[in-house]
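> This structure is in structure tokens; I'll ask about it shortly.
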Amino acid sequence: MQLALEPLSVARWQFGITTVYHFFFVPLTISLSALTAGLQTAWVRTGKDTYLRATKFWGKLFLINIAMGVVTGIVQEFQFGMNWSAYSRFVGDIFGAPLAFEALIAFFFESTFIGLWIFGWDRLPKRIHLACIWMVSIGTVLSAYFILAANSWMQHPVGYRYNPVTKRAELTDFLAVLTQNTALAQFFHTMSAAFLTGAAFMIGICAYHLARKKHIAVMRSSLRMALVVAVVAGALTAISGDTLGKVMFKQQPMKMAAAEALWDGQKGAPFSVFAVGNVNKGHNEVAIEIPNLLSFLADDSFTSYVPGINDVNKAEQAKYGPGDYRPAIPVAYWGFRWMIGFGVVSIGVGAAGLWLTRRRLWVAPEHRTGEDEVPHLMLTRSTAIGPSLSRWYWRIALLTMLFPLLANSWGWIFTETGRQPWAVYGLLRTSDAVSPGVSTGEALTSVIVFTALYAVLAVIEVRLMLTYAKAGPPELTDADRRSPKRIGGDGDDADADRPMAFSY
């Protein structure tokens, strides 16, 4: 990444900062909506107050998160006109289509049903109200799909033709844009990572309360669900990551080579465990490698040829003209490893928790009290080491709730910086995509203002989340349990004409 203080560099920094910040909220929105819907489904099916309290608790955190996600997401689209007008003119005919679908179908769909869900607790029949939160969840998934399809086109342009007169890319096959293998692989990987994020978030908060022997019934049921989701989503993240890596190998060989600091192509290419490279000389000074593994990961063969950074750079110079087509190698290399590392730790914590609680070993019956019948969760068969192991697990689980967020961030940093110097791979360079009329001062003012504003929003978000997460699930009233038999009735339906109330 360029460090010179010029409009291009400042615009890239602004887009990077706002995008990474916004994506903290996206995976939580996707996963928490579905997890909340699952808990409400359990309440509708069983009628147990534990599930209703859990639904209201996690639903409140979901609403705080989605509100912040919407606010920060709007800024992303404004930046296309602010700092990237040349890009907008070039790709507008293509990029605008999935974004329009996202706004007109997915976002409005999601917004409508979230309003019905928020205000419909004491007005809508249980099953109709439940359907609303499921519609919200479907809306978040659709929204993510259209956005990822647009991003995938930047990674691998399909379904277009270049108009030399207007010097723009024009859409010829919208279905190809939506269904290309890059979009499908990226969607699968992003969705599984999102559910791992939500599960880790839920595990961490459950750990906080269980370690303090609070709200045991609600947190116990939430924890078991979150542990299962973490393990399943973690496995799917690994599988989808492997699929996406193979797609990347064929479509963006430079990104694959940069991710492994592989300078010269070879058959039976090794997987890099640790490397210290010299970018100027084009080789590694220090390298710890696993022989042949990269070839297998890239092409399912231990003897496949994997091109290196130097090879791909020369090939792209011959194809696209003079220039340096290498991304920031250290960012790509370490970003790829931080993504994998934080993700693997998150999966491990989920798997360990699921194994340790497989027998649901709680404390002795004489210590049970009230509805929360278990004041503490034991995580081993041995009562001698149980409390100690429990305390350590709770601490690790609480910390781990941040790890998928970091993995997501590094994953997107790798995805976007590894494509450089292209804004649209093979078609439009990033240097040609920036707004020509924006000065360094204007761009710098913009990034400072947005960064300061986002810092304020971060404080608000964290304080809100901490306040409501530490408060725990609410106690229920008769109004919480009541569900009208019909909407807008009269006669014996005494609540029919009562205005809708905000549930939270």
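The chains in the structure tokens are called A, B, ... from first to last as shown; in each chain the residues are counted from 1, and the ligands are counted from 1 in the order shown.
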DSSP on the backbone, then: every residue of region 144-216 of chain A marked alpha helix (DSSP H), written as a VMD selection string.
chain A and resid 144 to 155 174 to 179 181 to 211 216
> So that I can check the surroundings of Val279 (chain A), please list as an NGL selection string every protein, DNA and RNA residue that reaches within 10 Å of it, counting only C-alpha atoms and ignoring chain neighbours fewer than 2 positions away.
:A and (261 or 263 or 276-277 or 281-284 or 326 or 328-330)
> Restricting the output to C-alpha atoms, write the selected residues as an mmCIF file, in the first residue's frame.

data_model
loop_
_atom_site.group_PDB
_atom_site.id
_atom_site.type_symbol
_atom_site.label_atom_id
_atom_site.label_comp_id
_atom_site.auth_asym_id
_atom_site.auth_seq_id
_atom_site.Cartn_x
_atom_site.Cartn_y
_atom_site.Cartn_z
ATOM 1 C CA ALA A 261 5.374 -15.355 -0.088
ATOM 2 C CA TRP A 263 8.557 -15.668 -5.130
ATOM 3 C CA VAL A 276 10.753 -13.034 6.329
ATOM 4 C CA GLY A 277 11.022 -11.714 2.791
ATOM 5 C CA LYS A 281 15.396 -8.561 -3.981
ATOM 6 C CA GLY A 282 12.343 -10.765 -4.573
ATOM 7 C CA HIS A 283 13.133 -13.669 -2.253
ATOM 8 C CA ASN A 284 12.767 -14.813 1.354
ATOM 9 C CA ARG A 326 2.657 -6.895 -6.918
ATOM 10 C CA ALA A 328 1.812 -5.203 -0.508
ATOM 11 C CA ILE A 329 3.399 -8.605 0.132
ATOM 12 C CA PRO A 330 3.754 -8.349 3.950
#
> Once you count only C-alpha atoms, what closest atom pair and distance in Å to one decimal does each residue of region 217-243 of chain A within 8 Å of region 193-212 of chain A have, with rows by chain and rising residue number, as a tab-separated table?

residue	atom	partner	partner_atom	distance
A:Met219	CA	A:Cys206	CA	5.2
A:Arg220	CA	A:Cys206	CA	7.4
A:Ser222	CA	A:Cys206	CA	7.2
A:Leu223	CA	A:Ile203	CA	5.7
A:Ala226	CA	A:Ala199	CA	4.7
A:Leu227	CA	A:Ala199	CA	6.8
A:Val229	CA	A:Ala199	CA	6.0
A:Ala230	CA	A:Leu196	CA	5.0
A:Val231	CA	A:Leu196	CA	7.9
A:Ala233	CA	A:Leu196	CA	5.3
A:Gly234	CA	A:Leu196	CA	5.9
A:Thr237	CA	A:Ala193	CA	5.6
> Write the selection just made, keeping C-alpha atoms, as a short mmCIF file (atom, residue, chain, number, x, y, z; two decimals), in the first residue's frame?

data_model
loop_
_atom_site.label_atom_id
_atom_site.label_comp_id
_atom_site.auth_asym_id
_atom_site.auth_seq_id
_atom_site.Cartn_x
_atom_site.Cartn_y
_atom_site.Cartn_z
CA MET A 219 -27.28 -18.86 29.43
CA ARG A 220 -27.01 -22.64 29.59
CA SER A 222 -27.88 -20.32 24.74
CA LEU A 223 -24.40 -21.72 25.33
CA ALA A 226 -23.82 -21.45 20.35
CA LEU A 227 -21.27 -24.24 20.85
CA VAL A 229 -23.20 -23.53 15.80
CA ALA A 230 -19.53 -22.64 16.38
CA VAL A 231 -18.35 -26.16 15.56
CA ALA A 233 -19.91 -23.08 11.18
CA GLY A 234 -16.20 -23.51 11.87
CA THR A 237 -15.67 -22.02 7.14
#
> So, with only C-alpha atoms as the atoms that count, which of A:Gly353, A:Pro322, A:Gly268, A:Pro404 lies closest to Trp392 (chain A)?
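Of A:Gly353, A:Pro322, A:Gly268, A:Pro404, the one nearest Trp392 (chain A) is A:Gly353, counting only C-alpha atoms.
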> Find the residue from A:Trp153, A:Phe274, A:Trp338, A:Tyr393 that sits nearest to Phe95 (chain A); use only C-alpha atoms when measuring.
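Looking only at the distances to Phe95 (chain A), the closest residue turns out to be A:Trp153.
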> Counting only C-alpha atoms, which residue out of A:Ala258, A:Ile30, A:Ala149, A:Val344 sits closest to Phe62 (chain A)?
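Closest to Phe62 (chain A), using only C-alpha atoms: A:Ile30.
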> Which residue gives the smallest distance to Ala97 (chain A) among A:Val286, A:Val177, A:Gly350, A:His129, with only C-alpha atoms counted?
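Of all the options, A:Val177 lies closest to Ala97 (chain A).
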> From the list A:Ala298, A:Ile138, A:Met256, A:Ala332, which residue is nearest Val312 (chain A) when using only C-alpha atoms?
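Nearest candidate to Val312 (chain A) out of A:Ala298, A:Ile138, A:Met256, A:Ala332: A:Met256.
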> Which residues come within 7 Å of Pro473 (chain A), counting only C-alpha atoms, excluding same-chain residues fewer than 5 positions away, as a list in words?
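Neighbouring residues, sequence-local ones excluded: Arg53, Ala54, Lys56 and Phe57 of chain A.
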> Could you tell me, as an mmCIF file with N, CA and C atoms, in the first residue's frame, which residues of region 55-262 of chain A DSSP assigns to strand (DSSP E) when given the backbone?

data_model
loop_
_atom_site.group_PDB
_atom_site.id
_atom_site.type_symbol
_atom_site.label_atom_id
_atom_site.label_comp_id
_atom_site.auth_asym_id
_atom_site.auth_seq_id
_atom_site.Cartn_x
_atom_site.Cartn_y
_atom_site.Cartn_z
ATOM 1 N N TYR A 160 -20.083 -9.087 -19.051
ATOM 2 C CA TYR A 160 -19.973 -7.680 -19.436
ATOM 3 C C TYR A 160 -19.310 -7.572 -20.814
ATOM 4 N N ARG A 161 -19.364 -6.362 -21.363
ATOM 5 C CA ARG A 161 -18.552 -6.023 -22.526
ATOM 6 C C ARG A 161 -18.000 -4.620 -22.322
ATOM 7 N N TYR A 162 -16.835 -4.361 -22.866
ATOM 8 C CA TYR A 162 -16.219 -3.051 -22.730
ATOM 9 C C TYR A 162 -16.577 -2.197 -23.931
ATOM 10 N N ASN A 163 -17.110 -1.015 -23.667
ATOM 11 C CA ASN A 163 -17.489 -0.069 -24.726
ATOM 12 C C ASN A 163 -16.342 0.912 -24.926
ATOM 13 N N ARG A 168 -16.533 2.446 -20.762
ATOM 14 C CA ARG A 168 -17.212 1.890 -19.603
ATOM 15 C C ARG A 168 -17.463 0.408 -19.816
ATOM 16 N N ALA A 169 -17.588 -0.318 -18.711
ATOM 17 C CA ALA A 169 -18.011 -1.722 -18.761
ATOM 18 C C ALA A 169 -19.535 -1.749 -18.745
ATOM 19 N N GLU A 170 -20.126 -2.536 -19.642
ATOM 20 C CA GLU A 170 -21.579 -2.594 -19.762
ATOM 21 C C GLU A 170 -22.073 -4.013 -19.502
ATOM 22 N N LEU A 171 -23.165 -4.108 -18.762
ATOM 23 C CA LEU A 171 -23.710 -5.412 -18.369
ATOM 24 C C LEU A 171 -24.341 -6.123 -19.556
#
> Please produce, as CSV, a per-residue contact table for region 27-57 of chain A versus region 106-122 of chain A (criterion: any atom at most 12 Å away, only C-alpha atoms considered), showing the nearest atom pair and its distance in Å to one decimal, sorted by chain then residue number.

residue,atom,partner,partner_atom,distance
A:Thr29,CA,A:Glu110,CA,11.3
A:Ile30,CA,A:Glu110,CA,11.1
A:Ser33,CA,A:Ile114,CA,9.8
A:Thr36,CA,A:Trp117,CA,11.6
A:Ala37,CA,A:Trp117,CA,10.7
A:Gln40,CA,A:Trp117,CA,11.4
A:Leu52,CA,A:Trp121,CA,11.2
A:Thr55,CA,A:Trp121,CA,11.6
A:Lys56,CA,A:Ile118,CA,10.3
> Write the residues of the selection above to a file with N, CA and C atoms, as a compact mmCIF listing (two decimals), in the first residue's frame.

# COMPACT_ATOMS: atom_id res chain seq x y z
N THR A 29 -24.92 -9.14 12.55
CA THR A 29 -26.31 -8.95 12.13
C THR A 29 -26.86 -10.21 11.48
N ILE A 30 -26.08 -10.79 10.58
CA ILE A 30 -26.53 -11.99 9.86
C ILE A 30 -26.76 -13.14 10.83
N SER A 33 -29.50 -12.51 13.92
CA SER A 33 -30.90 -12.57 13.50
C SER A 33 -31.37 -14.02 13.40
N THR A 36 -31.38 -15.62 17.02
CA THR A 36 -32.56 -15.13 17.76
C THR A 36 -33.82 -15.79 17.24
N ALA A 37 -33.93 -15.94 15.93
CA ALA A 37 -35.09 -16.61 15.35
C ALA A 37 -35.17 -18.06 15.82
N GLN A 40 -36.51 -18.05 19.37
CA GLN A 40 -37.94 -17.76 19.40
C GLN A 40 -38.75 -18.94 18.90
N LEU A 52 -38.07 -17.64 25.82
CA LEU A 52 -38.58 -16.30 25.59
C LEU A 52 -37.62 -15.25 26.14
N THR A 55 -34.70 -15.07 23.84
CA THR A 55 -35.05 -14.36 22.61
C THR A 55 -34.99 -12.86 22.81
N LYS A 56 -35.58 -12.38 23.89
CA LYS A 56 -35.59 -10.94 24.15
C LYS A 56 -34.19 -10.41 24.44
> Please report the interatomic distance between CA of Trp412 (chain A) and CA of Gly335 (chain A) in Å with one decimal.
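CA of Trp412 (chain A) sits 8.8 Å away from CA of Gly335 (chain A).
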> Could you tell me which of A:Arg419, A:Arg224, A:Arg463, A:Arg358 comes closest to Val331 (chain A) if we count only C-alpha atoms?
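Checking each candidate against Val331 (chain A), we get A:Arg419 as the closest.
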